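Shown below: run-v8.cif, with mmCIF, C-alpha atoms.
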data_coords
#
loop_
_atom_site.label_atom_id
_atom_site.label_comp_id
_atom_site.auth_asym_id
_atom_site.auth_seq_id
_atom_site.Cartn_x
_atom_site.Cartn_y
_atom_site.Cartn_z
CA MET J 1 -9.75 16.26 46.54
CA ARG J 2 -6.23 17.60 46.09
CA TRP J 3 -5.28 14.81 43.67
CA ALA J 4 -8.17 15.79 41.37
CA VAL J 5 -6.95 19.40 41.22
CA LEU J 6 -3.38 18.30 40.55
CA TYR J 7 -4.55 15.84 37.90
CA ALA J 8 -6.65 18.52 36.19
CA ARG J 9 -3.77 21.00 36.16
CA SER J 10 -1.26 18.44 34.88
CA ARG J 11 -3.62 17.57 32.02
CA ALA J 12 -4.23 21.23 31.04
CA MET J 13 -7.94 20.89 31.78
CA PRO J 14 -8.53 24.57 32.69
CA ALA J 15 -7.01 25.74 29.39
CA SER J 16 -8.89 23.03 27.48
CA PHE J 17 -12.16 24.07 29.10
CA ALA J 18 -11.54 27.71 28.17
CA ALA J 19 -10.82 26.65 24.57
CA LEU J 20 -14.02 24.58 24.60
CA VAL J 21 -16.11 27.59 25.68
CA VAL J 22 -14.51 29.89 23.09
CA GLY J 23 -14.76 27.30 20.29
CA MET J 24 -18.40 26.44 21.00
CA SER J 25 -19.35 30.12 21.24
CA ALA J 26 -17.70 30.90 17.92
CA LEU J 27 -19.25 27.91 16.14
CA TRP J 28 -22.71 28.62 17.49
CA PHE J 29 -22.41 32.28 16.49
CA LEU J 30 -21.44 31.30 12.93
CA ALA J 31 -24.18 28.65 12.59
CA ARG J 32 -26.80 30.09 14.93
CA ASP J 33 -29.74 29.80 12.54
CA ARG J 34 -28.60 26.52 11.01
CA TRP J 35 -27.61 24.34 13.99
CA SER J 36 -28.03 21.20 11.86
CA GLU J 37 -26.06 17.95 11.65
CA VAL J 38 -22.95 19.36 9.95
CA PRO J 39 -22.35 22.27 12.38
CA VAL J 40 -23.15 19.99 15.33
CA THR J 41 -20.67 17.38 14.10
CA LEU J 42 -18.04 20.07 13.57
CA ALA J 43 -18.72 21.46 17.06
CA LEU J 44 -18.46 17.99 18.61
CA THR J 45 -15.18 17.35 16.80
CA VAL J 46 -13.80 20.68 18.00
CA ALA J 47 -14.93 19.90 21.56
CA VAL J 48 -13.23 16.51 21.59
CA ALA J 49 -10.11 17.87 19.88
CA VAL J 50 -9.51 20.77 22.28
CA MET J 51 -10.16 18.61 25.33
CA ALA J 52 -8.06 15.67 24.06
CA ILE J 53 -4.78 17.56 24.15
CA GLY J 54 -4.56 16.76 27.84
CA LEU J 55 -4.68 13.00 27.53
CA SER J 56 -1.12 12.75 28.85
CA GLY J 57 0.65 14.43 31.70
CA GLN J 58 3.71 16.58 31.52
CA ASP J 59 5.96 13.73 32.65
CA VAL J 60 5.06 10.35 31.17
CA ASP J 61 7.71 8.54 33.22
CA LEU J 62 6.17 9.91 36.41
CA ASP J 63 2.75 8.74 35.27
CA ARG J 64 4.06 5.25 34.55
CA THR J 65 5.82 4.86 37.91
CA ALA J 66 3.07 6.35 40.09
CA ALA J 67 1.59 3.91 42.58
CA ILE J 68 -2.03 4.62 41.67
CA ARG J 69 -4.50 2.79 39.47
CA TRP J 70 -4.46 4.55 36.12
CA ILE J 71 -7.07 2.51 34.25
CA PRO J 72 -10.12 4.01 36.02
CA ARG J 73 -8.65 7.52 35.92
CA ARG J 74 -7.94 7.33 32.19
CA GLY J 75 -11.40 5.96 31.46
CA LEU J 76 -12.99 8.66 33.61
CA HIS J 77 -10.93 11.31 31.82
CA LEU J 78 -12.28 10.18 28.44
CA LEU J 79 -15.83 10.08 29.79
CA LEU J 80 -15.41 13.59 31.19
CA ILE J 81 -14.26 14.84 27.77
CA GLY J 82 -17.25 13.16 26.17
CA GLY J 83 -19.69 14.54 28.72
CA LEU J 84 -18.42 18.09 28.32
CA GLY J 85 -18.47 17.80 24.54
CA VAL J 86 -21.99 16.39 24.41
CA GLY J 87 -23.18 18.97 26.93
CA ALA J 88 -21.68 21.81 24.94
CA VAL J 89 -23.33 20.58 21.74
CA LEU J 90 -26.70 19.92 23.40
CA LEU J 91 -26.85 23.33 25.13
CA PRO J 92 -28.05 25.23 22.01
CA ARG J 93 -31.02 22.81 21.82
CA LEU J 94 -32.60 24.94 24.53
CA TRP J 95 -33.13 27.85 22.14
CA GLU J 96 -32.58 26.51 18.61
CA ALA J 97 -35.55 25.44 16.50
CA GLU J 98 -33.58 22.86 14.48
CA ARG J 99 -32.56 19.96 16.68
CA VAL J 100 -30.18 17.18 15.78
CA PRO J 101 -31.28 13.83 17.28
CA VAL J 102 -29.48 12.94 20.51
CA GLU J 103 -28.58 9.45 19.24
CA ILE J 104 -26.47 10.97 16.45
CA ILE J 105 -24.67 13.21 18.93
CA VAL J 106 -23.97 10.33 21.33
CA ARG J 107 -22.86 8.02 18.48
CA ASN J 108 -20.47 10.62 17.09
CA ALA J 109 -19.15 11.54 20.54
CA ALA J 110 -18.38 7.91 21.37
CA GLY J 111 -16.59 7.32 18.07
CA LEU J 112 -14.61 10.57 18.29
CA LEU J 113 -13.56 9.80 21.87
CA GLY J 114 -12.37 6.39 20.76
CA LEU J 115 -10.35 7.98 17.97
CA ALA J 116 -8.86 10.45 20.47
CA GLY J 117 -7.85 7.55 22.71
CA ILE J 118 -6.27 5.70 19.79
CA ALA J 119 -4.40 8.84 18.74
CA ALA J 120 -3.10 9.35 22.28
CA VAL J 121 -1.82 5.77 22.41
CA LEU J 122 -0.22 5.94 18.96
CA PHE J 123 1.10 9.52 18.83
CA GLY J 124 1.02 10.85 22.41
CA GLY J 125 -1.54 12.74 24.44
CA ALA J 126 -0.73 16.12 22.92
CA PHE J 127 -1.80 14.70 19.55
CA GLY J 128 -5.12 13.22 20.71
CA TRP J 129 -6.88 15.66 18.40
CA THR J 130 -5.36 14.29 15.18
CA LEU J 131 -7.55 11.25 14.43
CA PRO J 132 -10.89 12.92 15.29
CA LEU J 133 -10.04 15.84 13.01
CA LEU J 134 -8.81 13.50 10.27
CA ALA J 135 -12.04 11.48 10.50
CA LEU J 136 -14.13 14.62 10.07
CA VAL J 137 -12.10 15.88 7.09
CA VAL J 138 -12.17 12.49 5.34
CA ALA J 139 -15.89 12.05 5.98
CA PHE J 140 -16.67 15.51 4.66
CA VAL J 141 -14.52 15.14 1.53
CA VAL J 142 -15.91 11.70 0.68
CA LYS J 143 -19.49 12.82 1.35
CA VAL J 144 -19.11 15.86 -0.93
CA ALA J 145 -17.17 13.98 -3.64
CA SER J 146 -19.51 11.00 -3.98
CA SER J 147 -23.07 10.06 -3.22
CA ASP J 148 -22.47 6.31 -2.99
CA THR J 149 -24.42 4.38 -0.41
CA ASP J 150 -22.30 1.25 -0.40
CA THR J 151 -21.00 -0.05 2.91
CA VAL J 152 -17.49 1.36 2.49
CA SER J 153 -18.84 4.87 1.89
CA LEU J 154 -21.17 4.57 4.88
CA VAL J 155 -18.28 3.47 7.10
CA VAL J 156 -15.95 6.25 5.91
CA THR J 157 -18.65 8.92 6.29
CA TRP J 158 -20.01 7.60 9.58
CA LEU J 159 -19.84 11.04 11.23
CA LEU J 160 -22.25 12.56 8.70
CA GLN J 161 -24.79 9.72 8.48
CA PRO J 162 -28.34 9.78 9.87
CA GLY J 163 -29.13 7.95 13.08
CA ASP J 164 -30.67 4.88 11.42
CA VAL J 165 -27.54 3.82 9.48
CA ALA J 166 -26.23 0.63 11.07
CA ALA J 167 -22.79 0.85 9.44
CA ALA J 168 -22.23 4.28 11.03
CA LEU J 169 -23.30 3.01 14.45
CA TRP J 170 -21.03 -0.03 14.31
CA THR J 171 -18.09 2.05 13.10
CA ALA J 172 -18.51 4.38 16.07
CA VAL J 173 -18.86 1.41 18.46
CA VAL J 174 -15.66 -0.19 17.15
CA PHE J 175 -13.73 3.09 17.48
CA ALA J 176 -15.15 3.70 20.96
CA VAL J 177 -14.34 0.24 22.32
CA ALA J 178 -10.86 0.14 20.76
CA GLY J 179 -9.99 3.67 21.86
CA PHE J 180 -11.32 3.42 25.40
CA GLY J 181 -9.65 0.05 25.91
CA ALA J 182 -6.31 1.00 24.43
CA TYR J 183 -6.07 4.34 26.22
CA ALA J 184 -7.24 2.98 29.59
CA VAL J 185 -4.78 0.08 29.53
CA PHE J 186 -1.73 1.57 27.81
CA GLY J 187 -2.06 5.31 28.37
CA ALA J 188 -0.53 7.92 26.13
CA ARG J 189 2.67 7.31 24.23
CA HIS J 190 5.70 9.21 25.47
#

Give the structure from the file, written as structure tokens.
Amino acid sequence: MRWAVLYARSRAMPASFAALVVGMSALWFLARDRWSEVPVTLALTVAVAVMAIGLSGQDVDLDRTAAIRWIPRRGLHLLLIGGLGVGAVLLPRLWEAERVPVEIIVRNAAGLLGLAGIAAVLFGGAFGWTLPLLALVVAFVVKVASSDTDTVSLVVTWLLQPGDVAAALWTAVVFAVAGFGAYAVFGARH
């Protein structure tokens, strides 16, 4: 069990978990009577962003030369981030009257995790938060600026779409598969 503790510390997981608790508490407090799709999506993005900063260790060369199998550990790390994020967003469902469907939360979590994995591969683990945050900002701006329902608009605003929109689902699936695969195989950029 010692390797798990060392891995968690090298990936700043305790600090990320503390940031997750503080961020979720603040967002729920601000949106406590309106825990609808937009605050839930914002909370999920914050959860993935604060946990994704630890997608690389402190010494990338040490990670690359270690004689352990990294692919399962990297995949498990992304799944742990997703599980904690989904759990943190689902927790207010216990007492909130307005409930966002679980399929929307899972779809958005998978897509955001994929984007975090892609960002870690492209920019480094410390910048795993960049693409999930960019996706949320772009989706929000495009959704507010236009009310088009063409395929391009549905793909760009996939985070803010209802659960029955196929273009949003497939966009999240593509991001999830590409991000999980790229991060598990290549790891974070140094």

- Note on the structure: Using all atoms listed in the file, the best pick from J:Pro72, J:Gly163, J:Gly181, J:Pro92 as closest to Val106 (chain J) would be J:Gly163

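If you measure from each of J:Leu133, J:Val155, J:Ile118, J:Val102 to Val185 (chain J) using only C-alpha atoms, the closest one turns out to be J:Ile118.
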
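Atom pair CA of Thr41 (chain J) / CA of Leu112 (chain J) has a distance of 10.0 Å (rounded to one decimal).
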
Surrounding residues of Ala116 (chain J) excluding itself and chain neighbours under 3 positions, 12 Å, only C-alpha atoms, as a PDB file with C-alpha atoms, in the frame of the given file:
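Result file result29.pdb:
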ATOM      1  CA  THR J  45     -15.180  17.350  16.800  1.00  0.00           C
ATOM      2  CA  VAL J  46     -13.800  20.680  18.000  1.00  0.00           C
ATOM      3  CA  ALA J  47     -14.930  19.900  21.560  1.00  0.00           C
ATOM      4  CA  VAL J  48     -13.230  16.510  21.590  1.00  0.00           C
ATOM      5  CA  ALA J  49     -10.110  17.870  19.880  1.00  0.00           C
ATOM      6  CA  VAL J  50      -9.510  20.770  22.280  1.00  0.00           C
ATOM      7  CA  MET J  51     -10.160  18.610  25.330  1.00  0.00           C
ATOM      8  CA  ALA J  52      -8.060  15.670  24.060  1.00  0.00           C
ATOM      9  CA  ILE J  53      -4.780  17.560  24.150  1.00  0.00           C
ATOM     10  CA  GLY J  54      -4.560  16.760  27.840  1.00  0.00           C
ATOM     11  CA  LEU J  55      -4.680  13.000  27.530  1.00  0.00           C
ATOM     12  CA  SER J  56      -1.120  12.750  28.850  1.00  0.00           C
ATOM     13  CA  HIS J  77     -10.930  11.310  31.820  1.00  0.00           C
ATOM     14  CA  LEU J  78     -12.280  10.180  28.440  1.00  0.00           C
ATOM     15  CA  LEU J  79     -15.830  10.080  29.790  1.00  0.00           C
ATOM     16  CA  ILE J  81     -14.260  14.840  27.770  1.00  0.00           C
ATOM     17  CA  GLY J  82     -17.250  13.160  26.170  1.00  0.00           C
ATOM     18  CA  ALA J 109     -19.150  11.540  20.540  1.00  0.00           C
ATOM     19  CA  ALA J 110     -18.380   7.910  21.370  1.00  0.00           C
ATOM     20  CA  GLY J 111     -16.590   7.320  18.070  1.00  0.00           C
ATOM     21  CA  LEU J 112     -14.610  10.570  18.290  1.00  0.00           C
ATOM     22  CA  LEU J 113     -13.560   9.800  21.870  1.00  0.00           C
ATOM     23  CA  ALA J 119      -4.400   8.840  18.740  1.00  0.00           C
ATOM     24  CA  ALA J 120      -3.100   9.350  22.280  1.00  0.00           C
ATOM     25  CA  VAL J 121      -1.820   5.770  22.410  1.00  0.00           C
ATOM     26  CA  LEU J 122      -0.220   5.940  18.960  1.00  0.00           C
ATOM     27  CA  PHE J 123       1.100   9.520  18.830  1.00  0.00           C
ATOM     28  CA  GLY J 124       1.020  10.850  22.410  1.00  0.00           C
ATOM     29  CA  GLY J 125      -1.540  12.740  24.440  1.00  0.00           C
ATOM     30  CA  ALA J 126      -0.730  16.120  22.920  1.00  0.00           C
ATOM     31  CA  PHE J 127      -1.800  14.700  19.550  1.00  0.00           C
ATOM     32  CA  GLY J 128      -5.120  13.220  20.710  1.00  0.00           C
ATOM     33  CA  TRP J 129      -6.880  15.660  18.400  1.00  0.00           C
ATOM     34  CA  THR J 130      -5.360  14.290  15.180  1.00  0.00           C
ATOM     35  CA  LEU J 131      -7.550  11.250  14.430  1.00  0.00           C
ATOM     36  CA  PRO J 132     -10.890  12.920  15.290  1.00  0.00           C
ATOM     37  CA  LEU J 133     -10.040  15.840  13.010  1.00  0.00           C
ATOM     38  CA  LEU J 134      -8.810  13.500  10.270  1.00  0.00           C
ATOM     39  CA  ALA J 135     -12.040  11.480  10.500  1.00  0.00           C
ATOM     40  CA  PHE J 175     -13.730   3.090  17.480  1.00  0.00           C
ATOM     41  CA  ALA J 176     -15.150   3.700  20.960  1.00  0.00           C
ATOM     42  CA  VAL J 177     -14.340   0.240  22.320  1.00  0.00           C
ATOM     43  CA  ALA J 178     -10.860   0.140  20.760  1.00  0.00           C
ATOM     44  CA  GLY J 179      -9.990   3.670  21.860  1.00  0.00           C
ATOM     45  CA  PHE J 180     -11.320   3.420  25.400  1.00  0.00           C
ATOM     46  CA  GLY J 181      -9.650   0.050  25.910  1.00  0.00           C
ATOM     47  CA  ALA J 182      -6.310   1.000  24.430  1.00  0.00           C
ATOM     48  CA  TYR J 183      -6.070   4.340  26.220  1.00  0.00           C
ATOM     49  CA  ALA J 184      -7.240   2.980  29.590  1.00  0.00           C
ATOM     50  CA  GLY J 187      -2.060   5.310  28.370  1.00  0.00           C
ATOM     51  CA  ALA J 188      -0.530   7.920  26.130  1.00  0.00           C
TER      52      ALA J 188
END

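Residues in contact range of region 136-152 of chain J, defined as at most 7 Å between all atoms listed in the file, with sequence neighbours fewer than 6 positions away removed, read Leu159, Leu160 and Ala167 of chain J.
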
Take the residues that were just selected and, keeping C-alpha atoms, output them as a CSV table (one decimal), in the frame of the given file.
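To be explicit, this is the file written out as again-v4.csv:
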chain,number,residue,atom,x,y,z
J,159,LEU,CA,-19.8,11.0,11.2
J,160,LEU,CA,-22.2,12.6,8.7
J,167,ALA,CA,-22.8,0.8,9.4

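Put simply, CA of Val100 (chain J) is 10.6 Å away from CA of Arg34 (chain J).
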
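Across the model, the gap from CA of Arg32 (chain J) to CA of Ser16 (chain J) is 23.0 Å.
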
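The nearest approach to Ser25 (chain J) among the residues J:Gly114, J:Ala88, J:Leu44, J:Thr157, with only C-alpha atoms taken into account, belongs to J:Ala88.
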
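Among the candidates J:Leu90, J:Gly85, J:Ile71, J:Ile105, the residue lying nearest to Ala19 (chain J) is J:Gly85 (atoms considered: all atoms listed in the file).
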
- Task: Given the file shown, enumerate the residues that the PyMOL selection byres ((chain J and resi 168) around 9) captures and present them as a VMD selection string.
- Result: chain J and resid 107 to 108 154 to 167 169 to 173

Create the file for the chosen residues now, containing C-alpha atoms and written as a PDB file, in the coordinates of the input.
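again-v7.pdb was written with the following content:
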ATOM      1  CA  ARG J 107     -22.860   8.020  18.480  1.00  0.00           C
ATOM      2  CA  ASN J 108     -20.470  10.620  17.090  1.00  0.00           C
ATOM      3  CA  LEU J 154     -21.170   4.570   4.880  1.00  0.00           C
ATOM      4  CA  VAL J 155     -18.280   3.470   7.100  1.00  0.00           C
ATOM      5  CA  VAL J 156     -15.950   6.250   5.910  1.00  0.00           C
ATOM      6  CA  THR J 157     -18.650   8.920   6.290  1.00  0.00           C
ATOM      7  CA  TRP J 158     -20.010   7.600   9.580  1.00  0.00           C
ATOM      8  CA  LEU J 159     -19.840  11.040  11.230  1.00  0.00           C
ATOM      9  CA  LEU J 160     -22.250  12.560   8.700  1.00  0.00           C
ATOM     10  CA  GLN J 161     -24.790   9.720   8.480  1.00  0.00           C
ATOM     11  CA  PRO J 162     -28.340   9.780   9.870  1.00  0.00           C
ATOM     12  CA  GLY J 163     -29.130   7.950  13.080  1.00  0.00           C
ATOM     13  CA  ASP J 164     -30.670   4.880  11.420  1.00  0.00           C
ATOM     14  CA  VAL J 165     -27.540   3.820   9.480  1.00  0.00           C
ATOM     15  CA  ALA J 166     -26.230   0.630  11.070  1.00  0.00           C
ATOM     16  CA  ALA J 167     -22.790   0.850   9.440  1.00  0.00           C
ATOM     17  CA  LEU J 169     -23.300   3.010  14.450  1.00  0.00           C
ATOM     18  CA  TRP J 170     -21.030  -0.030  14.310  1.00  0.00           C
ATOM     19  CA  THR J 171     -18.090   2.050  13.100  1.00  0.00           C
ATOM     20  CA  ALA J 172     -18.510   4.380  16.070  1.00  0.00           C
ATOM     21  CA  VAL J 173     -18.860   1.410  18.460  1.00  0.00           C
TER      22      VAL J 173
END

- Query: What's the 12 Å shell around Arg99 (chain J), counting all atoms listed in the file, without same-chain residues fewer than 3 positions away, as a VMD selection string?
  - Reply: chain J and resid 32 to 40 89 to 96 102 to 105

Could you give me the centre and size, in Å to one decimal, of an axis-aligned box around all listed atoms of region 108-123 of chain J with 4 Å added on every side, as JSON?
{"center_x": -9.7, "center_y": 8.6, "center_z": 19.9, "size_x": 29.6, "size_y": 13.8, "size_z": 13.6}

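Among the candidates J:Ala26, J:Gly75, J:Ser153, J:Leu20, the residue lying nearest to Gly87 (chain J) is J:Leu20 (atoms considered: all atoms listed in the file).
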